[in-house]
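S.K.: Shown below is the structure under consideration.
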Amino acid sequence: MHDAQRPDDDQGPVTSDQLRLIGTPFRRVDGRAKVTGQTRFADDLFFPRMVHMKLVRSTVPHAHIVSIDTSRAKKLPGVLAFLTGDSMPVPFGILPVSQDEHALCQDKVRFVGDPVVAVAALTEDQAHEAALAVEVEYQTLETIASIDEAISIMEPRIHDYGDEGNLHKKISMEFGDTEAGFSEADHIFEDVLYFEGSTHLAMEQHAAVALTEETDRVTVYSSTQTPHYLHRSLAKVLELPAARIRVIACPNGGAFGGKSDPFNHEICVAKMAMMLGRPVKICLTREEVFYCHRGRHPVLMKIRTGVKKDGTLTAQHLQTALDGGAYGSYGVASTYYTGALQTVTYELPRYRFDSIRAFTNKPPCGPKRGHGTPQPRFAFEVHLDKIAHELGIDPADLRLEQLVAADSVTSNWLKIGSMGLGKCIEAVVAGSAWRERYGNLPEGRGLGLACGSYLSGAGLPIYWNHMPQSGVQLQLDRSGGVTLFCGETEIGQGSDSVIAAITAEILGIDLHDIRLCVADTDLTPVDLGSYSSRVTLMAGNAAIQAAERARNLVAKGAAEELKVAARELVFAEGRVFHGEDPDKSMSFADAVIAAESRFGTLGTTGSYIPPRSPGRYRGAGVGPSPAYSYSATVVETEVDPATGIYRIEHVWMAHDVGKCINPALVMGQIEGSVYMGLGEAMMEEQVFRRLPKKRSSALVHKHPSMLEYKSPTFADMPPVTSYIIEDPDPNGPFGAKEVGQGPLLPVIPAVANSIFDAVGVRIDQVPIAPHMILQAIEARDRGKEARFGPKSFPEIDFGVPLRVPTPAEGGDGKAINIDEAGVRTGTGTMTERKDGEKGEN
Amino acid sequence: MSQEQTTRTLQVNGEVHHVAFPVHHSLLEVLREELGLTGTKHGCELGECGTCTVLIDGKPLLSCLELAAECENRKIETVEGMMRGNELHPLQSCFADLGAAQCGYCTPGILMAAQALLEENDTPSRDEIISALSGNLCRCTGYHKILEAVEWAAAQLRGDESYRLPESAFYGDQVPGEKVSDA
């Protein structure tokens, strides 16, 4: 062996000295399949002997199940089998702390739409007929319809767990001495705001197909964003070893967080396939998709901030109350998220956060684009607009003066890396001619500015473990092709293209020479899923590691053939060549052959674990991320003061994505986020009504249809000017941060702020309907407060907060009062009262 | 519900199929389930979202609201019929290159509606495109890339070499597109 053993061999070769693919707007790798109809979504799968399943869902919001009668349904043609709750008694849920769902309801139903029975038949029509013929008798319980009712009605409890009565979760934490902070302030501002719930409305209805190939093995194809978590839930509920279950996530026809819980129908379809020994499919109706929900929590918020004359923030106390719906879902995380990211945009030296999440008899809320953070971001950015107005400071300057420093630690112990918010603000201020136009437009026309930030992946996995959060395997073959295996899930965001491009870039080969095998728990290393904007950063870093290892192996093979040092080789244009002497060169395929000849079959792995966050207190698991993206927006709005009808005229949006892997995809995510943010600001709401008394008074979804659930159409979308800001983060692949969720956040408060600039009234809740503007104008004209919004936040005893000294106070990231935290100052908790009653008996 | 079957001769993408199906089934169901043409998607099956749009005698119609039994002797076109041999139709390549398809689920329906528009009007204005597509919902894109893609495809179809993409479709000086080297 000649120079193969040279010590500098291990330093590895260089990639091409400049990026060829990354940063250019290339066609996504699945682009052709998507425009030809070849992409196979879950409902596009058909198998021989496949039968169909339907779920019988509760027609009442809260009740005990008295009896289930399938005798009439059984006699219908084509009917094959039924499942009821007793066949799957093991509970599940996405979070280990809220395992409160069952594949089918056990003894109780908790919302209209809760699944009670599954039925399979030869055709979908027959399954539908049979489902209608199943008779379920209920003994109704009092309905808990709102946050207020959940606070005041202790019994009946929707669940027999939770912090208190019908409160699922109660949190109180204080970072630094907030009272001292408020006492340093020249002004204290306080606002109460409300953010209505909304749903994802992905165009694809959830579907799943299960089939068995061996008696003890089941495969589930599903429209899921989280095949790994579904895999775990299936193993738990079906009581099967996980190794006997295969989950394949089909490309999702849109998801936005709505397909990230394990769902009843996915578990039932697997159970049914194992019972019948033939493939079983379920595709939910659009109405059922509204019942699956897991969408934006309705949140009532009280925000109180101490401010000095110059706009310096001294302290903030935020209180949030979430309407969680009937199950836990991601709710505990959502609850923490309504407070966690308040600190990552502007310096907030002291911060207190209190929150409750209520159980109510409605479809469960969970993560929707921005997960728990758009609501407090709306509150904060509207609140800041009011502060700027009161202090006579330009809202852009107020923010620019308070920016969190790059490479710093916030008061609640979040580690900030790169921070491009200042550049974002400057871009939209310049683009919209803010300095000349804000405050100077004619009556009825206004500009509003707001900012936001989001995670590039949650720092911790859903369940505690020390394993990688993302893994990639590469297989190199003699053709020069590379097969990339990764558990990541394509939900439309372009994750397939990101990992393929990173790998192609490092190996210097064509994008089309990368073949992807993704989101298959039998074949691919785990990636935790397409949620929390984590895939580009985490799977991207795993791909870098795997690709660099592959490049180093191939380089050693090529170096031997070319008689040069491996570290002097460059990989580009499908060739491996000497950097100084490009004539010493071979094709990538020949280099692979050389390496395979030397090392045997070629394969490499890469994995990624985020850095550990400095926070060490209870609740510190929510908020940390390897990198934070930043966005700023200006919205221009025309309001008709006579009717309150308003129109968005233009949106300028700047987003700090760290580094573009593919600017075409980045732009798409920015525009899509603006669109969805406008929907939430202007019209989208998941709301409920009572049926008339003669029809049971049940609490039902007001409009579970795409026609009546209003969302923006082609005709509603204003022009958008996007600015991509690149402030590379050392933790991101090539510096990249997220873009899928962050740009949604500032849109919603910017709309409210633009309405203030247009007509001088404050609308402190969303979606903003014209009547709200009109009422606020009328109130102003009567000499009352020029505002529409909630009046007050409920009185809640949060007890003693968990106290965590800030970095500036010399803290170490830990709480200092674990023993007394949570102790109520007033009435006892549910548990305490029960214990007391026991003592009296 | 009736389980009565019927048989019909349907002409889809220029090919003739003799199909048996339940008499009450929609064209959407028959295309997907009997003919295996799953390129046509569905988002509501109630005529609300536009996802299942196909062309019937050149007109964009919602296949979830058309009884298949009434489609005999009508010319049905779906997304599977758009390609020319192994080449993408200009609408398809423009959608793919500009990122007008993200999840791709609403895409076939929008392509069909756009194709009908361009066959009637080779130089549609932005407002005419919006009007033609306003029955189709998309949750991913925010619609702009779709509008740009239709305009770009219209220019290609009418051979307008002077057409330039709007500034919003550029990234620096780069036009989006397929990046395949000759290596």
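Here, A, B, ... name the chains of the structure tokens in the order displayed, residue numbers run from 1 inside each chain, and ligands are numbered from 1 in the same displayed order.
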Pick out the chain B residues within 8 Å of chain A. Count only C-alpha atoms. Give them as a ChimeraX atom specification.

M.R.: /B:1,32,38-40,42-45,48-49,51,79-80,82-83,88,92-93,95-108,111,130-131,133-145,168,171,174-181,183

S.K.: Can you pull out the residues contacting Ile816 in chain A? Cut-off 7 Å, using only C-alpha atoms, and skip same-chain residues under 2 positions away; I want them as a ChimeraX atom specification.

M.R.: /A:803-804,814,818

S.K.: Please provide as a list of chain:residue names all residues within 7 Å of Arg690 in chain A, with the sequence filter that same-chain residues fewer than 6 positions apart are discarded (counting only C-alpha atoms).

M.R.: A:Ser697, A:Ala698, A:Leu699, A:Val700

S.K.: So that I can check the surroundings of range 298-309 of chain A, please list as a PyMOL selection string every protein, DNA and RNA residue that reaches within 9 Å of it, counting only C-alpha atoms and ignoring chain neighbours fewer than 2 positions away.

M.R.: chain A and resi 147+181-198+296+311-324+338+365+372+375-376+379-380+383+387+391+686+790+792-793

S.K.: I'd like the interatomic distance between CA of Pro614 in chain A and CA of Trp413 in chain A, to a tenth of an Å.

M.R.: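 Answer for the CA of Pro614 in chain A to CA of Trp413 in chain A separation: 6.0 Å.
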
S.K.: Near Thr483 in chain A, counting only C-alpha atoms, which residues have an atom at most 8 Å away, once you skip same-chain residues fewer than 3 positions from it, shown as a ChimeraX atom specification?

M.R.: /A:474-476,514-517

S.K.: Taking the chain letters and numbering used in this document, name the residues of range 9-182 of chain B that DSSP puts in helix (DSSP H, G or I), as a PyMOL selection string.

M.R.: chain B and resi 27-34+68-70+79-81+90-98+107-120+126-133+144-157+167-169

S.K.: If I take CA of Ala114 in chain B and CA of Gly677 in chain A, how far is one from the other in Å, to one decimal?

M.R.: 26.2 Å

S.K.: What gap, in Å, lies between CA of Gly448 in chain A and CA of Ala786 in chain A?

M.R.: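 Between these atoms lies a distance of 17.2 Å.
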
S.K.: Using only C-alpha atoms, find the one residue out of B:Gln115, B:Thr123, B:Ser26, B:Gln5 that sits nearest to Glu77 in chain B.

M.R.: B:Gln115

S.K.: Just want the 12 Å neighbourhood of Gly644 in chain A, counted on only C-alpha atoms, with same-chain residues fewer than 6 positions away dropped. Output as a JSON list (two decimals) with C-alpha atoms, in the first residue's frame.

M.R.:
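Contents of the output file out30.json:
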[["chain", "number", "residue", "atom", "x", "y", "z"],
["A", 444, "GLY", "CA", -58.49, 54.41, 6.56],
["A", 637, "THR", "CA", -54.23, 47.66, 5.28],
["A", 638, "GLU", "CA", -57.16, 49.62, 3.93],
["A", 755, "ILE", "CA", -55.73, 48.60, 11.67],
["A", 758, "ALA", "CA", -55.52, 53.10, 9.70],
["A", 759, "VAL", "CA", -58.44, 54.01, 11.93],
["A", 761, "VAL", "CA", -58.75, 51.61, 17.18],
["A", 763, "ILE", "CA", -58.65, 45.12, 18.13],
["A", 768, "ILE", "CA", -60.59, 40.36, 13.38],
["A", 769, "ALA", "CA", -64.09, 40.67, 11.98],
["A", 770, "PRO", "CA", -65.37, 43.94, 10.50],
["A", 771, "HIS", "CA", -68.00, 44.30, 13.25],
["A", 772, "MET", "CA", -65.20, 44.46, 15.83],
["A", 773, "ILE", "CA", -63.61, 47.42, 14.06],
["A", 774, "LEU", "CA", -66.97, 49.08, 13.70],
["A", 775, "GLN", "CA", -67.82, 48.60, 17.38],
["A", 776, "ALA", "CA", -64.44, 49.98, 18.44],
["A", 777, "ILE", "CA", -64.94, 53.03, 16.19],
["A", 778, "GLU", "CA", -68.40, 53.55, 17.61]]

S.K.: Give me the residues near range 27-30 of chain B as a PDB file with N, CA and C atoms, in the first residue's frame, where near means some atom within 7 Å (using only C-alpha atoms) and where sequence neighbours in that chain fewer than 6 positions away do not count.

M.R.:
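around-v6.pdb was written with the following content:
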ATOM      1  N   PHE B  21     -69.425  -0.196 -12.159  1.00  0.00           N
ATOM      2  CA  PHE B  21     -69.266   0.493 -10.866  1.00  0.00           C
ATOM      3  C   PHE B  21     -70.647   0.682 -10.241  1.00  0.00           C
ATOM      4  N   CYS B  52     -60.556  18.001  -6.667  1.00  0.00           N
ATOM      5  CA  CYS B  52     -60.828  16.886  -7.573  1.00  0.00           C
ATOM      6  C   CYS B  52     -61.169  17.342  -8.991  1.00  0.00           C
ATOM      7  N   SER B  63     -65.064  16.503  -9.989  1.00  0.00           N
ATOM      8  CA  SER B  63     -65.406  15.102 -10.249  1.00  0.00           C
ATOM      9  C   SER B  63     -66.138  14.480  -9.075  1.00  0.00           C
ATOM     10  N   CYS B  64     -66.082  15.103  -7.902  1.00  0.00           N
ATOM     11  CA  CYS B  64     -66.825  14.547  -6.758  1.00  0.00           C
ATOM     12  C   CYS B  64     -68.312  14.819  -6.883  1.00  0.00           C
ATOM     13  N   GLU B  66     -69.859  14.920 -10.015  1.00  0.00           N
ATOM     14  CA  GLU B  66     -70.348  14.366 -11.287  1.00  0.00           C
ATOM     15  C   GLU B  66     -70.645  12.882 -11.103  1.00  0.00           C
ATOM     16  N   LEU B  67     -71.827  12.452 -11.446  1.00  0.00           N
ATOM     17  CA  LEU B  67     -72.101  11.021 -11.435  1.00  0.00           C
ATOM     18  C   LEU B  67     -71.365  10.386 -12.612  1.00  0.00           C
ATOM     19  N   ALA B  68     -70.602   9.354 -12.317  1.00  0.00           N
ATOM     20  CA  ALA B  68     -69.855   8.699 -13.400  1.00  0.00           C
ATOM     21  C   ALA B  68     -70.806   8.155 -14.448  1.00  0.00           C
TER      22      ALA B  68
END

S.K.: Which of these residues is nearest to Val116 in chain A, using only C-alpha atoms: A:Glu149, A:Arg57, A:Leu141, A:Leu441?

M.R.: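 Selected residue with least distance to Val116 in chain A: A:Arg57.
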
S.K.: Could you check the closest approach to Val60 in chain A for each of A:Ala210, A:Val136, A:Met275, A:Leu238 and tell me which residue wins, using only C-alpha atoms?

M.R.: A:Val136

S.K.: Considering only C-alpha atoms, state which residue in the set A:Asp590, A:Thr521, A:Glu505, A:Asn465 is at the smallest distance from Arg232 in chain A.

M.R.: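 Smallest distance to Arg232 in chain A is found for A:Thr521.
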